[in-house]
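A.B. asks: Handing you a structure now.
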Amino acid sequence: MKNLLKHHETYVLLVIIIFSAIITVINPRFLTLENFFDVVKSYSFIGILAVGVTFVLISGGIDISFTAVATVAQYVMAVMIIRYGGNIFTAFLLAAAVGISLGLINATLIYFFNIPTIITTIATLNIYYGILIVISGGKWIYALPGWFRAFADIRLFTLCTDEGIKYGLSIITSIWILVVIIAWVILRYTKLGRGIYAMGGSMNAARRAGFNIFRTQMFVYSFTGLMAGLAGLVQALLVQTVAPNSIVGKELDVIAAVVLGGASLAGGVGTLFGTILGVTLIAIMSNGMTLMRVSSFWYNVFIGLIIILSVAFSAYQRRTKAKRAIAVEVE
Amino acid sequence: MADLFLSMKSVSKRYTGVQALDRIDFEISKGEIHGLVGENGSGKSTLIKIISGVEQPDEGARIEIEGQAFKHYQSIDSILKGIEVIYQDLSLFPNLTVAENISLSQTIASRSRFISWRRVNDIAERAMARIGIQIPLDEMVNDLSIADQQLVAICRALTSDVKLLILDEPTTALTKKEVEALFTVIKDLQSKEITTLFVSHKLNEVLQIAERVTILRDGKKIGTFPSRDLTDERLTFLMTGEKVEYSPYEIEEPQGVPLLEVRRLSKRGNFKDINFKLFPGEILGITGLLGSGRTELAQALFGMNRAESGDILIQGRKITIRSVQEAMSQGIGYVPENRMVQGLVMQQSVANNIVITILHRLINKLKMIDRNKKKDCINSRIEELSIRTPATDAAVQTLSGGNQQRVVLAKWIGTDPKIFIMDGPTIGIDVAAKSSIHEIIRNLAIQGVGIIVISDEVSEVFHNCNRIMVMHKGRIIAEFNTSRTSEEEIQDYINMAS
């Protein structure tokens with residue numbers, strides 16, 4: 001029990017439960033399987049981005065450019081499959097390849113010029129996005145191939161409501177689940193994953209201990225790029241249109257979700273479980289407000305408040321811990 | 001003569017403009033505990049770097065390890081020969097668990113790309129068993145005391161086949177008890193035929209643990225001596241080339257209104273029922289172990305840790321000190337325990353650090369800082385305290401520890417304090433610089449400032465204070481007049497209490 005209270009995740013989970021209870025009381029439709037599958041599906045896009053961001057934050061860096069990477073990957077993928085045809089696998093490969101390449105550019109700039117990651121990725125965000133807009137002219141793409149639409153409708157299993165509406169676990173959601181599992185194994189059970197934590201904890205000590213900083217950094221940023229590429233694809237599957245301006249601007253939402261889940265901007269700290277909870281919290285906030293018929297502008301206010309509360313709470317915990325550590329046993 | 005583990009002949013190292021090491025011959029026998037002492041800049045760190053292969057010596061050096069000569073001695077050679085350095089900063093990962101930190105070198109060395117957590121725990125448990133300690137495996141290193149962190153670092157070194165363990169200033173942040181525990185571990189390693197090189201500037205500790213001591217001064221080796229032939233004084237002399245004379249600080253029995261009086265001051269979990277008086281010209285020593293409440297008390301007097309009950313009187317007037325600003329306006333100055341974090345803005349210039357406390361006095365009619373006044377003030381402080389700095393706009397972090405501490409003193413002296421509280425005024429400062437800091441403290445007292453010196457070195461308070469209080473578990477358990485006591489008596493009190 002005491003161990004449980006030490007974890008940030010426990011508190012996030014608690015908040016989620018309380019929110020869910022409140023929303024359910026006001027609108028019982030919230031706590032239905034149908035709504036659950038629906039929310040999980042629509043948040044798989046943010047969820048996949050969040051996995052990538054978790055990696056960078058743990059490594060002690062930050063990536064702002066991932067939304068631009070997602071946009072570029074999505075756009076390139078859409079143009080290519082429309083012009084040259086293909087199938088869902090080529091779509092995946094294209095999005096992944098673009099994501100990884102742009103991630104590698106980030107990593108190279110960061111490692112060789114030793115520029116702070118936030119500056120580098122703000123710059124590359126603008127560059128990637130700018131070039132895309134210049135070349136595409138900001139044109140939206142609607143005419144996606146039929147097989148692309150068909151793939152998005154696949155469900156791994158299907159249930160039916162009393163009114164006869166079908167719902168179930170979408171293929172899109174399962175992409176998210178798969179990504180999380182792979183990422184979890186990497187972070188928890190590979191040398192590379194532990195190297196990411198080590199690097200975020202103390203770059204100097206990691207170097208002295210013999211971790212290959214260059215390789216780890218390359219991996220982290222290209223992995224974030226890959227996640228962005230996949231997220232771009234997933235978003236295209238979800239909305240079935242490709243608009244160059246629909247993703248950029250969501251960076252802070254994603255980073256906020258990850259930080260809510262316990263990852264530290266100072267590096268070295270964070271878990272995938274926490275990130276999932278962070279995304280969940282944001283998701284039910286948004287969904288709950290819709291169901292409670294609260295204006296969506298309030299959503300931003302609430303997210304801001306939750307972030308402040310969460311950060312203040314962690315700071316408070318740290319302070320009480322520090323106080324306990326210096327306390328003198330007075331007789 | 002026992003077998004040699006390490007033999008270095010004629011090792012020199014020249015950096016641009018500085019002869020860091022000058023033809024050093026250095027030997028360590030197998031299984032011995034060897035002490036290495038020297039002031040800052042004497043070449044200790046350079047020597048360690050050469051032994052660990054991080055730096056290469058200049059032409060003409062000969063290095064042999066276990067009889068094997070090396071042409072180009074590199075860090076991989078030192079690793080293969082089982083040489084492990086534990087640096088002062090320990091190089092641990094605060095965000096990882098004890099088990100993972102200990103087994104990390106093995107994890108990196110293993111060929112598998114995957115981690116077996118069972119193996120990680122096994123390695124850590126075995127390493128801890130070797131020196132008979134127990135720290136919870138899944139505890140975050142961040143949450144451990146410095147002493148435990150040090151043990152974790154030692155355990156990590158033990159996971160590889162270590163033959164020579166180099167400890168660089170290992171006791172800086174340890175309490176006396178923890179130092180004793182560390183020494184037990186080092187002795188225990190010796191019985192397992194692990195050689196230790198103990199690098200420190202705490203002379204009494206070096207003499208206590210080491211069998212032989214090598215002394216460096218200005219990049220030259222002064223000699224290697226069996227520690228039973230050395231005393232604190234002789235070692236100090238060999239290190240500095242100067243004889244440090246202690247004359248006790250004595251003053252007339254003070255009378256009249258005390259500068260500062262504390263009555264029944266208490267705060268839960270910090271200190272309890274503290275009563276004392278401080279008169280002008282006094283240097284009052286407060287000693288006690290780490291965690292005895294001495295720092296908490298000092299911070300209470302400086303408005304950083306407000307007491308819950310009791311009175312503080314300044315020149316007979318009852319006052320409350322709620323903030324640092326209020327303490328300063330009452331004429332209190334404070335030199336914190338950790339000058340790097342609390343005392344100085346390390347990246348800022350010497351000049352800016354000196355005037356930071358008195359900016360309001362340097363303001364001209366336009367409400368801007370008067371450059372000439374600022375310059376005068378800085379120059380006179382630098383001269384007064386003989387701060388050695390290449391320029392007034394050099395960053396404080398480029399100065400030596402002793403000079404940094406002078407800057408801290410300078411910034412408070414500028415405020416003309418009536419009461420000066422110094423927490424560990426000479427921590428991490430080498431011997432010669434130490435005595436000059438003590439000199440500054442005395443001069444301030446002679447000018448009528450009331451000074452409180454907090455230190456865990458009994459000899460420091462004994463030689464510099466006219467009165468000494470011993471704190472234990474948040475209370476003052478004894479008070480001595482220095483002229484009527486001895487260092488041993490005070491030490492006995494501290495030992496008895498703990």
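We label chains A, B, ... in the order they appear in the structure tokens, count residues from 1 in each chain, and number ligands from 1 in the order shown.
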From the DSSP assignment of the backbone, select every residue of range 61-167 of chain A that is strand (DSSP E), and format the answer as a compact mmCIF listing (two decimals) with N, CA and C atoms, in the first residue's frame.

C.D. replies:
```txt
# COMPACT_ATOMS: atom_id res chain seq x y z
N ARG A 155 -12.84 -4.20 -37.64
CA ARG A 155 -12.89 -4.37 -36.19
C ARG A 155 -12.40 -5.76 -35.85
N LEU A 156 -11.58 -5.88 -34.79
CA LEU A 156 -11.06 -7.19 -34.40
C LEU A 156 -12.17 -8.03 -33.82
N PHE A 157 -13.08 -7.41 -33.09
CA PHE A 157 -14.31 -8.10 -32.73
C PHE A 157 -15.43 -7.07 -32.67
N THR A 158 -16.64 -7.55 -32.84
CA THR A 158 -17.76 -6.63 -32.98
C THR A 158 -18.85 -6.97 -31.98
N LEU A 159 -19.36 -5.95 -31.34
CA LEU A 159 -20.50 -6.11 -30.43
C LEU A 159 -21.65 -5.28 -30.99
N CYS A 160 -22.79 -5.41 -30.37
CA CYS A 160 -23.96 -4.72 -30.89
C CYS A 160 -24.78 -4.13 -29.76
N LYS A 166 -23.50 -1.23 -34.29
CA LYS A 166 -22.34 -2.10 -34.10
C LYS A 166 -21.17 -1.28 -33.56
N TYR A 167 -20.45 -1.90 -32.67
CA TYR A 167 -19.20 -1.28 -32.19
C TYR A 167 -18.24 -2.39 -31.82
```

A.B. asks: Which residues of chain B are close to chain A, meaning at most 9 Å apart when you count only C-alpha atoms, and how do they look as a PyMOL selection string?

C.D. replies: chain B and resi 90-96+104-105+107-109+112-117+143+145+268-272+291-293+296+472-475

A.B. asks: Which polymer residues have any atom within 12 Å of an atom of Ile175 in chain A, counting only C-alpha atoms, with same-chain residues fewer than 6 positions away left out, as a PyMOL selection string?

C.D. replies: chain A and resi 40-41+43-45+47-48+92+152+154-156+169+181-182+227+230-231+233-235+237

A.B. asks: Of the candidates A:Leu272, A:Leu226, A:Val56, A:Met218, which one gets nearest to Ala97 in chain A if we count only C-alpha atoms?

C.D. replies: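 Answer, going by the shortest atom-to-atom distance: A:Leu226.
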
A.B. asks: List every residue of range 203-291 of chain A that DSSP, applied to the backbone of this structure, assigns to helix (DSSP H, G or I), and report them as a PyMOL selection string.

C.D. replies: chain A and resi 203-209+213-239+251-260+272-291

A.B. asks: Could you list, as a list of chain:residue names, every residue within 10 Å of Leu235 in chain B, counting only C-alpha atoms and ignoring same-chain residues fewer than 5 positions away?

C.D. replies: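 Contacts, with the query itself left out: B:Val37, B:Gly38, B:Leu203, B:Asn204, B:Leu207, B:Val213, B:Ile215, B:Phe225, B:Ser227, B:Asp229, B:Leu230, B:Thr240, B:Gly241.
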
A.B. asks: For a quick check of understanding, using only C-alpha atoms, which of A:Ile247, A:Leu13, A:Ala91, A:Ala283 has the smallest distance to Ala70 in chain A?

C.D. replies: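 For Ala70 in chain A, the nearest of the candidates is A:Ile247.
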
A.B. asks: From the list B:Ile476, B:Leu259, B:Leu238, B:Val407, which residue is nearest Arg294 in chain B when using only C-alpha atoms?

C.D. replies: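 That would be B:Ile476, the residue with the smallest distance to Arg294 in chain B.
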
A.B. asks: Counting only C-alpha atoms, what is within 8 Å of Gln88 in chain B, bar same-chain residues fewer than 2 positions away, as number ranges by chain?

C.D. replies: B: 86, 90, 167-170
